[in-house]
>>> print(open('protein-v4.txt').read())   # compact mmCIF, C-alpha atoms and all ligand atoms
# COMPACT_ATOMS: atom_id res chain seq x y z
CA MET W 26 -22.90 45.73 -44.04
CA ASN W 27 -24.65 45.85 -40.63
CA GLN W 28 -25.06 42.07 -40.75
CA VAL W 29 -21.35 41.58 -41.38
CA VAL W 30 -20.42 43.88 -38.44
CA LYS W 31 -22.89 42.04 -36.21
CA LYS W 32 -21.48 38.64 -37.23
CA LEU W 33 -17.91 39.86 -36.73
CA SER W 34 -18.58 41.29 -33.28
CA LEU W 35 -20.39 38.10 -32.23
CA THR W 36 -17.41 36.05 -33.39
CA SER W 37 -14.98 38.30 -31.53
CA VAL W 38 -17.07 38.16 -28.35
CA LEU W 39 -17.08 34.37 -28.56
CA LEU W 40 -13.33 34.34 -29.19
CA VAL W 41 -12.63 36.62 -26.22
CA LEU W 42 -14.89 34.49 -24.03
CA THR W 43 -13.12 31.28 -25.10
CA LEU W 44 -9.70 32.84 -24.44
CA PHE W 45 -10.86 34.15 -21.07
CA CYS W 46 -12.22 30.72 -20.15
CA ALA W 47 -9.00 29.02 -21.21
CA PHE W 48 -7.03 31.54 -19.15
CA VAL W 49 -9.20 31.14 -16.05
CA CYS W 50 -9.20 27.33 -16.30
CA GLN W 51 -5.43 27.35 -16.72
CA ALA W 52 -5.09 29.71 -13.79
CA GLU W 53 -7.30 27.54 -11.65
CA ALA W 54 -5.73 24.16 -12.41
CA LYS W 55 -4.09 22.97 -9.21
CA LYS W 56 -0.32 22.70 -9.43
CA GLY W 57 1.11 19.44 -8.18
CA LEU W 58 4.46 17.98 -7.23
CA LEU W 59 5.14 14.27 -7.21
CA VAL W 60 8.39 13.90 -5.30
CA TYR W 61 9.87 10.44 -4.98
CA ASP W 62 12.92 8.67 -3.64
CA SER W 63 14.35 5.51 -5.14
CA ILE W 64 17.52 3.41 -4.98
CA TYR W 65 16.89 0.82 -7.66
CA SER W 66 14.64 2.80 -10.04
CA SER W 67 11.32 1.00 -9.76
CA THR W 68 9.61 3.87 -7.93
CA PRO W 69 10.03 6.38 -10.82
CA GLU W 70 8.24 3.93 -13.13
CA VAL W 71 5.29 4.10 -10.76
CA ALA W 72 5.66 7.89 -10.49
CA TYR W 73 5.26 8.45 -14.25
CA TRP W 74 2.50 5.84 -14.37
CA LEU W 75 0.63 7.88 -11.75
CA LYS W 76 1.20 11.09 -13.70
CA ALA W 77 -0.36 9.44 -16.76
CA ILE W 78 -3.40 8.35 -14.72
CA ILE W 79 -3.78 11.75 -13.06
CA GLY W 80 -3.45 13.43 -16.47
CA ASN W 81 -0.30 14.13 -18.47
CA GLU W 82 -1.86 17.40 -19.59
CA LEU W 83 -2.18 18.67 -16.00
CA PRO W 84 0.49 20.71 -14.20
CA LEU W 85 2.13 17.97 -12.11
CA ASP W 86 5.92 18.01 -11.78
CA VAL W 87 7.49 14.57 -11.27
CA LYS W 88 10.84 14.96 -9.54
CA LYS W 89 13.35 12.82 -7.73
CA ILE W 90 13.86 14.16 -4.24
CA ASP W 91 17.25 15.75 -4.96
CA GLN W 92 15.66 17.90 -7.70
CA VAL W 93 13.33 19.71 -5.30
CA ILE W 94 14.33 22.93 -3.54
CA THR W 95 10.89 24.10 -2.39
CA VAL W 96 7.26 23.06 -2.22
CA ASP W 97 6.07 26.70 -2.40
CA PRO W 98 4.69 26.69 -5.97
CA TYR W 99 2.50 23.66 -5.41
CA ASP W 100 -1.09 23.24 -4.24
CA TYR W 101 -0.69 19.51 -3.68
CA VAL W 102 2.25 17.19 -3.08
CA LEU W 103 2.41 13.45 -3.69
CA ILE W 104 5.26 11.92 -1.71
CA GLY W 105 6.50 8.52 -2.91
CA SER W 106 9.25 6.26 -1.67
CA TYR W 107 10.70 2.78 -1.74
CA SER W 108 10.39 0.96 1.60
CA LYS W 109 13.54 -0.04 3.38
CA TRP W 110 13.37 -1.92 6.65
CA GLU W 111 9.69 -1.18 7.10
CA LYS W 112 9.65 2.56 6.43
CA PRO W 113 10.01 5.21 3.72
CA SER W 114 13.55 6.34 2.94
CA PRO W 115 15.55 8.54 5.37
CA ARG W 116 15.57 11.29 2.73
CA ILE W 117 11.77 11.26 2.61
CA TYR W 118 11.69 11.68 6.40
CA LYS W 119 14.11 14.59 6.05
CA PHE W 120 12.04 16.16 3.26
CA VAL W 121 8.88 15.93 5.37
CA GLU W 122 10.68 17.31 8.45
CA THR W 123 12.11 20.27 6.47
CA ASN W 124 8.78 21.10 4.81
CA LYS W 125 6.38 20.03 7.56
CA ASP W 126 4.79 23.43 8.17
CA LYS W 127 4.19 24.09 4.49
CA LEU W 128 3.00 20.54 3.82
CA ALA W 129 0.47 20.91 6.64
CA THR W 130 -1.22 23.66 4.59
CA LYS W 131 -1.35 21.67 1.35
CA GLN W 132 -3.08 18.55 0.11
CA VAL W 133 -0.62 15.70 0.59
CA CYS W 134 -0.71 12.05 -0.44
CA TYR W 135 1.82 9.35 0.47
CA PHE W 136 2.64 6.22 -1.52
CA LEU W 137 5.18 3.44 -1.21
CA THR W 138 6.67 0.77 -3.35
CA CYS W 139 7.51 -2.25 -1.21
CA GLY W 140 8.09 -5.98 -1.33
CA ASP W 141 5.10 -6.96 0.77
CA TRP W 142 1.66 -5.45 0.26
CA ASP W 143 -0.41 -7.73 2.50
CA GLU W 144 -1.70 -5.44 5.23
CA THR W 145 -2.82 -8.38 7.39
CA MET W 146 0.86 -9.32 7.85
CA ILE W 147 2.50 -9.66 11.26
CA LEU W 148 6.22 -10.11 11.78
CA LYS W 149 7.93 -11.88 14.65
CA VAL W 150 11.69 -11.44 14.72
CA PRO W 151 14.13 -11.76 17.60
CA GLY W 152 14.71 -8.57 19.60
CA ARG W 153 11.51 -6.81 18.59
CA PRO W 154 7.89 -7.07 19.64
CA VAL W 155 5.60 -8.83 17.20
CA HIS W 156 4.39 -6.06 14.88
CA GLN W 157 2.48 -5.20 11.71
CA ILE W 158 4.28 -4.87 8.41
CA ALA W 159 3.59 -4.38 4.69
CA GLY W 160 1.96 -1.83 2.39
CA ARG W 161 0.32 1.15 4.05
CA ASN W 162 1.41 -0.11 7.51
CA TYR W 163 4.87 1.26 6.67
CA LEU W 164 3.39 4.77 6.58
CA TYR W 165 2.05 4.58 10.13
CA GLU W 166 5.21 5.93 11.75
CA ILE W 167 5.68 8.95 9.48
CA MET W 168 1.99 9.80 9.75
CA THR W 169 2.17 9.60 13.54
CA GLN W 170 5.37 11.64 13.65
CA TYR W 171 3.85 14.44 11.54
CA PRO W 172 0.19 14.56 12.62
CA ASN W 173 -0.39 18.01 11.15
CA ILE W 174 0.12 16.58 7.69
CA LYS W 175 -3.14 14.79 7.02
CA PRO W 176 -2.78 12.78 3.82
CA VAL W 177 -5.78 12.77 1.52
CA VAL W 178 -4.82 9.42 -0.03
CA ILE W 179 -2.23 6.79 0.92
CA GLY W 180 -1.02 3.74 -1.00
CA GLY W 181 1.29 0.74 -0.55
CA PHE W 182 1.63 -0.87 -3.94
CA GLY W 183 4.21 -3.68 -3.79
CA GLY W 184 7.21 -3.22 -6.04
CA ARG W 185 10.17 -4.77 -7.80
CA GLN W 186 13.52 -6.11 -6.74
CA VAL W 187 16.26 -6.71 -9.31
CA MET W 188 18.63 -9.03 -7.48
CA PRO W 189 21.87 -8.52 -9.48
CA ALA W 190 21.49 -4.73 -9.00
CA LEU W 191 21.45 -4.87 -5.18
CA LYS W 192 24.49 -3.15 -3.75
CA GLY W 193 26.78 -4.17 -0.87
CA ALA W 194 24.92 -4.40 2.42
CA ASP W 195 21.52 -4.48 0.64
CA ALA W 196 22.52 -7.59 -1.31
CA PHE W 197 23.81 -9.29 1.83
CA MET W 198 20.77 -8.40 3.95
CA ILE W 199 18.28 -9.53 1.31
CA TRP W 200 20.23 -12.78 0.89
CA MET W 201 20.22 -13.29 4.69
CA LEU W 202 16.49 -12.56 4.88
CA GLY W 203 15.89 -15.19 2.21
CA LYS W 204 17.83 -17.73 4.29
CA LEU W 205 16.04 -16.82 7.55
CA ALA W 206 12.49 -16.64 6.15
CA LYS W 207 10.55 -19.42 7.80
CA GLU W 208 7.83 -19.47 5.18
CA GLY W 209 10.22 -19.22 2.20
CA ALA W 210 11.28 -16.06 0.35
CA ALA W 211 9.24 -15.14 -2.73
CA TRP W 212 12.41 -13.99 -4.53
CA SER W 213 14.49 -17.12 -4.07
CA GLY W 214 16.00 -18.29 -7.38
CA LEU W 215 14.89 -15.14 -9.21
CA ASP W 216 16.86 -12.32 -10.82
CA ILE W 217 13.77 -10.13 -10.90
CA TRP W 218 10.99 -10.38 -8.33
CA GLU W 219 7.84 -8.36 -8.64
CA SER W 220 5.04 -7.97 -6.13
CA LEU W 221 3.27 -4.85 -7.37
CA VAL W 222 -0.53 -4.90 -7.50
CA PRO W 223 -1.44 -2.70 -10.50
CA GLU W 224 -4.99 -2.10 -9.26
CA ARG W 225 -3.54 -0.34 -6.21
CA VAL W 226 -1.66 2.17 -8.36
CA GLU W 227 -4.79 2.72 -10.41
CA VAL W 228 -7.06 3.22 -7.41
CA PHE W 229 -4.53 5.64 -5.89
CA GLY W 230 -4.25 7.65 -9.14
CA ASN W 231 -8.01 7.82 -9.50
CA GLU W 232 -8.43 8.85 -5.87
CA VAL W 233 -6.00 11.72 -6.47
CA ARG W 234 -8.08 12.72 -9.50
CA GLN W 235 -11.27 12.69 -7.44
CA LYS W 236 -10.25 13.83 -3.97
CA VAL W 237 -7.49 16.30 -4.85
CA LEU W 238 -8.47 17.57 -8.30
CA GLY W 239 -12.24 17.05 -8.27
CA LEU W 240 -12.09 15.13 -11.56
CA GLU W 241 -13.93 12.00 -12.65
CA PRO W 242 -11.98 8.73 -12.20
CA LEU W 243 -10.55 7.32 -15.42
CA ALA W 244 -12.74 4.43 -16.51
CA ASP W 245 -10.13 2.93 -18.87
CA VAL W 246 -7.34 3.32 -16.34
CA GLN W 247 -5.75 -0.06 -17.16
CA LYS W 248 -4.43 1.33 -20.46
CA PHE W 249 -1.38 2.72 -18.66
CA ARG W 250 -0.05 -0.57 -17.28
CA GLY W 251 2.70 -0.46 -19.90
CA PHE W 252 4.56 1.91 -17.57
CA TRP W 253 5.30 -1.11 -15.38
CA GLN W 254 5.28 -4.13 -17.64
CA SER W 255 8.54 -5.43 -19.05
CA GLN W 256 9.46 -8.39 -21.19
CA GLN W 257 12.47 -9.42 -19.16
CA PRO W 258 12.36 -12.93 -17.70
CA GLY W 259 12.28 -13.57 -13.95
CA SER W 260 15.47 -15.58 -14.16
CA LEU W 261 18.26 -15.67 -16.73
CA SER W 262 19.24 -19.25 -15.92
CA ASP W 263 15.65 -20.53 -15.95
CA PRO W 264 13.39 -18.53 -18.34
CA ASN W 265 10.34 -20.46 -17.11
CA LYS W 266 10.46 -18.79 -13.71
CA GLN W 267 7.79 -16.15 -13.20
CA LYS W 268 8.75 -12.69 -11.95
CA TYR W 269 5.44 -12.44 -10.16
CA THR W 270 3.71 -15.18 -8.23
CA VAL W 271 0.17 -14.38 -7.17
CA ARG W 272 0.11 -14.34 -3.42
CA PRO W 273 -2.77 -16.46 -2.13
CA TYR W 274 -5.54 -14.81 -0.13
CA THR W 275 -6.40 -18.11 1.54
CA VAL W 276 -3.63 -19.72 3.58
CA HIS W 277 -3.49 -22.32 6.29
CA THR W 278 -0.08 -23.05 7.84
CA GLU W 279 0.75 -25.34 10.76
CA THR W 280 4.38 -25.68 11.82
CA ASP W 281 6.17 -26.11 15.15
CA LYS W 282 6.52 -22.34 15.39
CA LEU W 283 3.35 -21.05 13.82
CA PHE W 284 -0.37 -21.70 13.43
CA TYR W 285 -1.64 -19.32 10.78
CA SER W 286 -4.95 -18.91 9.04
CA ARG W 287 -5.72 -16.25 6.43
CA PHE W 288 -8.97 -15.90 4.52
CA ARG W 289 -11.36 -13.29 3.21
CA ILE W 290 -15.04 -12.62 3.52
CA THR W 291 -17.64 -10.41 1.89
CA SER W 292 -18.14 -7.68 4.47
CA ASP W 293 -16.95 -4.29 5.67
CA LEU W 294 -14.43 -3.49 8.38
CA ASP W 295 -16.90 -2.30 11.05
CA SER W 296 -19.17 -5.36 10.79
CA THR W 297 -16.11 -7.63 10.81
CA ILE W 298 -14.79 -5.99 13.98
CA LYS W 299 -18.20 -6.49 15.64
CA ARG W 300 -18.08 -10.18 14.69
CA ILE W 301 -14.53 -10.51 16.01
CA SER W 302 -15.75 -9.06 19.33
CA ALA W 303 -18.66 -11.55 19.38
CA TRP W 304 -16.24 -14.42 18.70
CA ALA W 305 -13.98 -13.23 21.53
CA GLN W 306 -16.89 -13.16 23.98
CA GLN W 307 -18.10 -16.61 22.97
CA ASN W 308 -14.60 -18.09 23.34
CA GLY W 309 -13.48 -16.49 26.62
CA VAL W 310 -10.94 -14.39 24.74
CA ARG W 311 -9.84 -10.91 25.84
CA LEU W 312 -9.53 -8.62 22.85
CA GLN W 313 -6.84 -5.96 23.15
CA GLU W 314 -6.70 -3.43 20.33
CA GLN W 315 -3.11 -2.77 19.24
CA ARG W 316 -3.69 -0.43 16.34
CA LYS W 317 -6.64 0.84 14.36
CA THR W 318 -6.50 2.65 11.03
CA PHE W 319 -9.15 3.33 8.41
CA PHE W 320 -7.97 0.25 6.51
CA ASN W 321 -7.14 -2.29 9.23
CA SER W 322 -7.40 -3.29 12.89
CA TYR W 323 -4.87 -5.34 14.82
CA TYR W 324 -5.73 -7.14 18.07
CA HIS W 325 -4.07 -9.31 20.62
CA ALA W 326 -6.67 -11.95 21.39
CA VAL W 327 -5.64 -13.33 24.78
CA LYS W 328 -6.91 -16.63 26.14
CA ASN W 329 -6.05 -17.93 29.59
CA ILE W 330 -5.15 -21.58 29.41
CA ASP W 331 -4.29 -23.40 32.65
CA GLY W 332 -3.45 -20.11 34.35
CA LYS W 333 -1.26 -18.87 31.51
CA ASP W 334 -2.16 -16.08 29.04
CA LEU W 335 -1.59 -17.10 25.42
CA THR W 336 -1.91 -14.55 22.63
CA MET W 337 -3.38 -14.85 19.14
CA HIS W 338 -2.58 -12.07 16.67
CA VAL W 339 -5.66 -11.05 14.73
CA VAL W 340 -5.79 -8.54 11.86
CA ALA W 341 -8.74 -7.50 9.70
CA ALA W 342 -7.96 -5.35 6.66
CA VAL W 343 -9.69 -3.86 3.64
CA MET W 344 -7.71 -3.48 0.44
CA PRO W 345 -8.23 -1.10 -2.49
CA ASP W 346 -7.69 -3.89 -5.00
CA ASP W 347 -10.43 -6.09 -3.50
CA PRO W 348 -13.44 -3.85 -2.80
CA GLY W 349 -16.28 -5.34 -0.78
CA ALA W 350 -14.03 -7.89 0.94
CA VAL W 351 -12.32 -7.99 4.31
CA HIS W 352 -9.10 -9.98 4.66
CA ILE W 353 -8.49 -11.61 8.01
CA SER W 354 -5.42 -13.25 9.50
CA LEU W 355 -5.13 -15.12 12.80
CA ARG W 356 -1.82 -16.36 14.18
CA SER W 357 -0.47 -18.19 17.17
CA TYR W 358 3.27 -18.44 17.75
CA ASP W 359 2.90 -20.90 20.64
CA LYS W 360 4.16 -24.48 20.46
CA PRO W 361 1.71 -27.08 19.06
CA ASP W 362 0.95 -28.72 22.44
CA ALA W 363 0.30 -25.45 24.24
CA ARG W 364 -1.76 -23.84 21.46
CA LYS W 365 -4.38 -26.59 20.92
CA PRO W 366 -7.21 -24.49 22.48
CA LEU W 367 -6.09 -21.53 20.35
CA GLU W 368 -6.26 -23.63 17.20
CA LYS W 369 -9.86 -24.49 18.13
CA ALA W 370 -10.67 -20.83 18.75
CA ILE W 371 -9.12 -19.82 15.42
CA GLY W 372 -11.20 -22.48 13.66
CA GLU W 373 -14.31 -21.04 15.30
CA ALA W 374 -13.37 -17.50 14.26
CA GLU W 375 -13.09 -18.69 10.69
CA GLN W 376 -16.52 -20.31 10.90
CA LEU W 377 -18.26 -17.39 12.54
CA LEU W 378 -16.73 -14.75 10.30
CA GLY W 379 -17.32 -16.77 7.15
CA ALA W 380 -20.88 -17.89 8.08
CA GLU W 381 -24.01 -17.07 6.04
CA GLY W 382 -22.08 -17.38 2.79
CA ARG W 383 -19.60 -14.60 3.59
CA LYS W 384 -16.48 -16.72 3.07
CA ILE W 385 -14.96 -16.12 -0.36
CA ASP W 386 -13.43 -19.27 -1.82
CA GLY W 387 -10.49 -19.45 -4.18
CA ARG W 388 -7.13 -17.71 -4.50
C1 LIG W 401 17.73 -3.33 1.50
C2 LIG W 401 16.28 -3.42 1.18
C3 LIG W 401 15.36 -3.39 2.20
C4 LIG W 401 14.00 -3.50 1.91
N1 LIG W 401 13.10 -3.50 2.95
C5 LIG W 401 11.80 -3.71 2.68
C6 LIG W 401 10.86 -3.82 3.75
O1 LIG W 401 11.18 -3.69 4.93
N2 LIG W 401 9.57 -4.10 3.43
C7 LIG W 401 9.15 -4.26 2.14
O2 LIG W 401 7.98 -4.53 1.92
N3 LIG W 401 10.02 -4.11 1.10
C8 LIG W 401 11.33 -3.85 1.34
N4 LIG W 401 12.20 -3.73 0.30
C9 LIG W 401 11.70 -3.79 -1.10
C10 LIG W 401 11.72 -2.44 -1.81
O3 LIG W 401 11.00 -1.47 -1.09
C11 LIG W 401 11.11 -2.61 -3.22
O4 LIG W 401 11.86 -3.53 -3.97
C12 LIG W 401 11.00 -1.29 -3.98
O5 LIG W 401 10.28 -1.52 -5.17
C13 LIG W 401 12.35 -0.69 -4.32
O6 LIG W 401 12.19 0.60 -4.89
P1 LIG W 401 13.31 1.26 -5.83
O7 LIG W 401 13.56 0.30 -6.98
O8 LIG W 401 12.69 2.53 -6.30
O9 LIG W 401 14.53 1.49 -5.00
C14 LIG W 401 13.57 -3.61 0.56
C15 LIG W 401 14.52 -3.61 -0.48
C16 LIG W 401 15.86 -3.51 -0.17
C17 LIG W 401 16.84 -3.54 -1.29
>>> encode(input="protein-v4.txt", output="structure tokens")
Amino acid sequence: MNQVVKKLSLTSVLLVLTLFCAFVCQAEAKKGLLVYDSIYSSTPEVAYWLKAIIGNELPLDVKKIDQVITVDPYDYVLIGSYSKWEKPSPRIYKFVETNKDKLATKQVCYFLTCGDWDETMILKVPGRPVHQIAGRNYLYEIMTQYPNIKPVVIGGFGGRQVMPALKGADAFMIWMLGKLAKEGAAWSGLDIWESLVPERVEVFGNEVRQKVLGLEPLADVQKFRGFWQSQQPGSLSDPNKQKYTVRPYTVHTETDKLFYSRFRITSDLDSTIKRISAWAQQNGVRLQEQRKTFFNSYYHAVKNIDGKDLTMHVVAAVMPDDPGAVHISLRSYDKPDARKPLEKAIGEAEQLLGAEGRKIDGR
């Protein structure tokens, strides 16, 4: 009889302990909100993909921006948006403005879908100074505008554009952009154009797991790519056209308007910046830092030629999808005759940065 009582009480103690543990763990699980904005519905696909990576079993609400009335119940907030004209949506800006004080007290992460993910990109268009575009560069403004919100993780993933779905002015502007693009538009001739880099979504999701939730990263994270993949063709009129064309890491372009070299090396950002400084010194180039972030550095590299200052645009960037590598782009927008000494200097930068076997060939 005594034995039975003992066994029973041990079982009940264990049961109570298990229930208590379950209660405490439940109580302690951080509550998250993933709020996103989207026009053409590619961003919610990424939103639910991220929820799967972070953990479908965890308390993370995924909501379009017009479904959110408060951030009060949440410990952390993931803010996602499409990019339009080089920034997150106006509604995302408004959401951040309205909730800025509360967001400053929570863990926040930003992510973007976008057409261009290459964070070494520079854009020269009439009426605006030459400036950085693409991926996480589009978050620079909002992060500067709201410095008290210090994001734990940021991501710029690439995205999807479904041409027949584009409405009114969007359709016209994207068509115009395709016509004006000097280096050709990736979406020309396509009904669906995709640029998303799945590894970026996966790294972002795993960083949220680690840095926000203190969990292990998912090792088999690729199993969720089905959230993005679809069997639709890139073009209805030509089923052979690919929706996604791999963007090359190594590019060399010489036209009347542009001298452009892009390559990548095995290195880290700090060592690369030191080498860029050494190259500048050796070549009589003045290096003027334009912007520095944890993932890239942009310089004007100014060389005086026959009494005139000519500028090269130099960017070094690290990317979550290519760990251990630094991507570098150098550009001159001067005319071919004037830029000859710059072409030589760019060639030397490529040699110096890629020396001792650092240059990575291919792609
Ligand atoms: C009118 C318009 C402007 C855009 N502007 C940019 C831009 O400046 N930079 C960029 O990388 N992508 C740009 N995109 C691409 C979108 O950000 C991308 O296709 C995104 O996946 C769309 O998200 P959604 O389907 O959730 O609306 C633009 C798309 C449209 C339709």
>>> residues_around(input="protein-v4.txt", residues="W:Gly379", least_positions_apart="4", cutoff="12 Å", atoms="only C-alpha atoms", output="PyMOL selection string")
chain W and resi 287-292+297+300-301+304+350-353+372-375+383-386
>>> closest_atom_pairs(input="protein-v4.txt", of="chain W", to="ligand LIG 401 (chain W)", cutoff="7 Å", atoms="all atoms listed in the file", output="CSV")
residue,atom,partner,partner_atom,distance
W:Asp62,CA,W:LIG401,O8,6.7
W:Ser63,CA,W:LIG401,O8,3.6
W:Ile64,CA,W:LIG401,O9,3.6
W:Tyr65,CA,W:LIG401,O7,3.4
W:Ser66,CA,W:LIG401,O7,4.1
W:Ser67,CA,W:LIG401,O7,3.6
W:Thr68,CA,W:LIG401,O8,3.7
W:Pro69,CA,W:LIG401,O8,6.5
W:Ser106,CA,W:LIG401,O8,6.9
W:Tyr107,CA,W:LIG401,O6,4.1
W:Ser108,CA,W:LIG401,O3,3.7
W:Lys109,CA,W:LIG401,N1,3.5
W:Trp110,CA,W:LIG401,O1,3.3
W:Glu111,CA,W:LIG401,O1,3.6
W:Lys112,CA,W:LIG401,O1,6.6
W:Thr138,CA,W:LIG401,O5,4.6
W:Cys139,CA,W:LIG401,O3,3.6
W:Gly140,CA,W:LIG401,O2,3.6
W:Asp141,CA,W:LIG401,O2,3.9
W:Trp142,CA,W:LIG401,O2,6.6
W:Ala159,CA,W:LIG401,O2,5.2
W:Gly160,CA,W:LIG401,O2,6.6
W:Gly183,CA,W:LIG401,O5,6.6
W:Gly184,CA,W:LIG401,O5,3.6
W:Arg185,CA,W:LIG401,O5,4.2
W:Gln186,CA,W:LIG401,O4,4.1
W:Leu191,CA,W:LIG401,C17,6.2
W:Asp195,CA,W:LIG401,C1,4.1
W:Ala196,CA,W:LIG401,C17,7.0
W:Met198,CA,W:LIG401,C1,6.4
W:Ile199,CA,W:LIG401,C1,6.2
>>> residues_around(input="protein-v4.txt", residues="stretch 233-237 of chain W", least_positions_apart="3", cutoff="8 Å", atoms="all atoms listed in the file", output="VMD selection string")
chain W and resid 79 101 132 177 to 178 229 to 230 240 to 242
>>> atom_distance(input="protein-v4.txt", atom1="atom CA of W:Pro115", atom2="atom CA of W:Tyr165")
14.9 Å
>>> closest_residue(input="protein-v4.txt", among="W:Val222, W:Ala380, W:Ile94, W:Leu75", to="W:Pro345", atoms="all atoms listed in the file")
W:Val222
>>> axis_aligned_box(input="protein-v4.txt", around="stretch 61-77 of chain W", padding_each_side="3 Å", output="JSON")
{"center_x": 8.6, "center_y": 6.0, "center_z": -10.2, "size_x": 23.9, "size_y": 16.3, "size_z": 19.1}
>>> closest_residue(input="protein-v4.txt", among="W:Tyr358, W:Phe319, W:Tyr135, W:Trp200", to="W:Tyr118", atoms="all atoms listed in the file")
W:Tyr135
>>> residues_around(input="protein-v4.txt", residues="W:Lys119", least_positions_apart="6", cutoff="12 Å", atoms="only C-alpha atoms", output="PyMOL selection string")
chain W and resi 62+90-91+113+125+167+170-171
>>> residues_near_point(input="protein-v4.txt", point="(10.7, 12.0, -8.3)", cutoff="6 Å", atoms="all atoms listed in the file", output="VMD selection string")
chain W and resid 60 to 61 87 to 90
>>> write_last_selection(input="protein-v4.txt", atoms="C-alpha atoms", output="compact mmCIF listing (two decimals), keeping the file's coordinate frame")
# COMPACT_ATOMS: atom_id res chain seq x y z
CA VAL W 60 8.39 13.90 -5.30
CA TYR W 61 9.87 10.44 -4.98
CA VAL W 87 7.49 14.57 -11.27
CA LYS W 88 10.84 14.96 -9.54
CA LYS W 89 13.35 12.82 -7.73
CA ILE W 90 13.86 14.16 -4.24
